[in-house]
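What follows is a short report on a single structure.
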Amino acid sequence: MTRTEIDLGELVERVHKLERQNFRWKIASIFLLLVLASLLATGLIAQERVEPPLLRAKAVEAQSFLLDDADGKLRGQMRMKAGGPSFEIYDQTGKVVWSIPSRINRVPSR
């Protein structure tokens, strides 16, 4: 064997080794790119699902307050009725189950 044949054999072996390394780097780069893209997508989806902060008020004023169940049926009501406060709780059919009377018998004191 001559020196040039040995050099060509070594060169071929080195080129094959470099091609394998290059292929591994390409696979690793694609994998890293997919991981980064999935993390970015997960972050964007999570950001959309964040609920706004709860609004805290010192006072709430209204003519009536309604209590609805999960199906949207009226289950309770607090309101001003006939000049006085009224609080009513309803069953599934809408009948009053419990209430505080709207008229309170007041006796003037002297």
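The chains in the structure tokens are called A, B, ... from first to last as shown; in each chain the residues are counted from 1, and the ligands are counted from 1 in the order shown.
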
Need to verify the contact set: Gly94 (chain A), 12 Å, only C-alpha atoms, exclusion of same-chain residues closer than 6 positions in sequence. Can you return it as an MDAnalysis selection string?
chainID A and resid 68:69 73:77 88

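Residues surrounding Arg79 (chain A) within 7 Å are Gln63, Ser64, Phe65, Gln77, Lys81, Pro85, Ser86 and Phe87 of chain A [only C-alpha atoms; sequence separation below 2 positions excluded].
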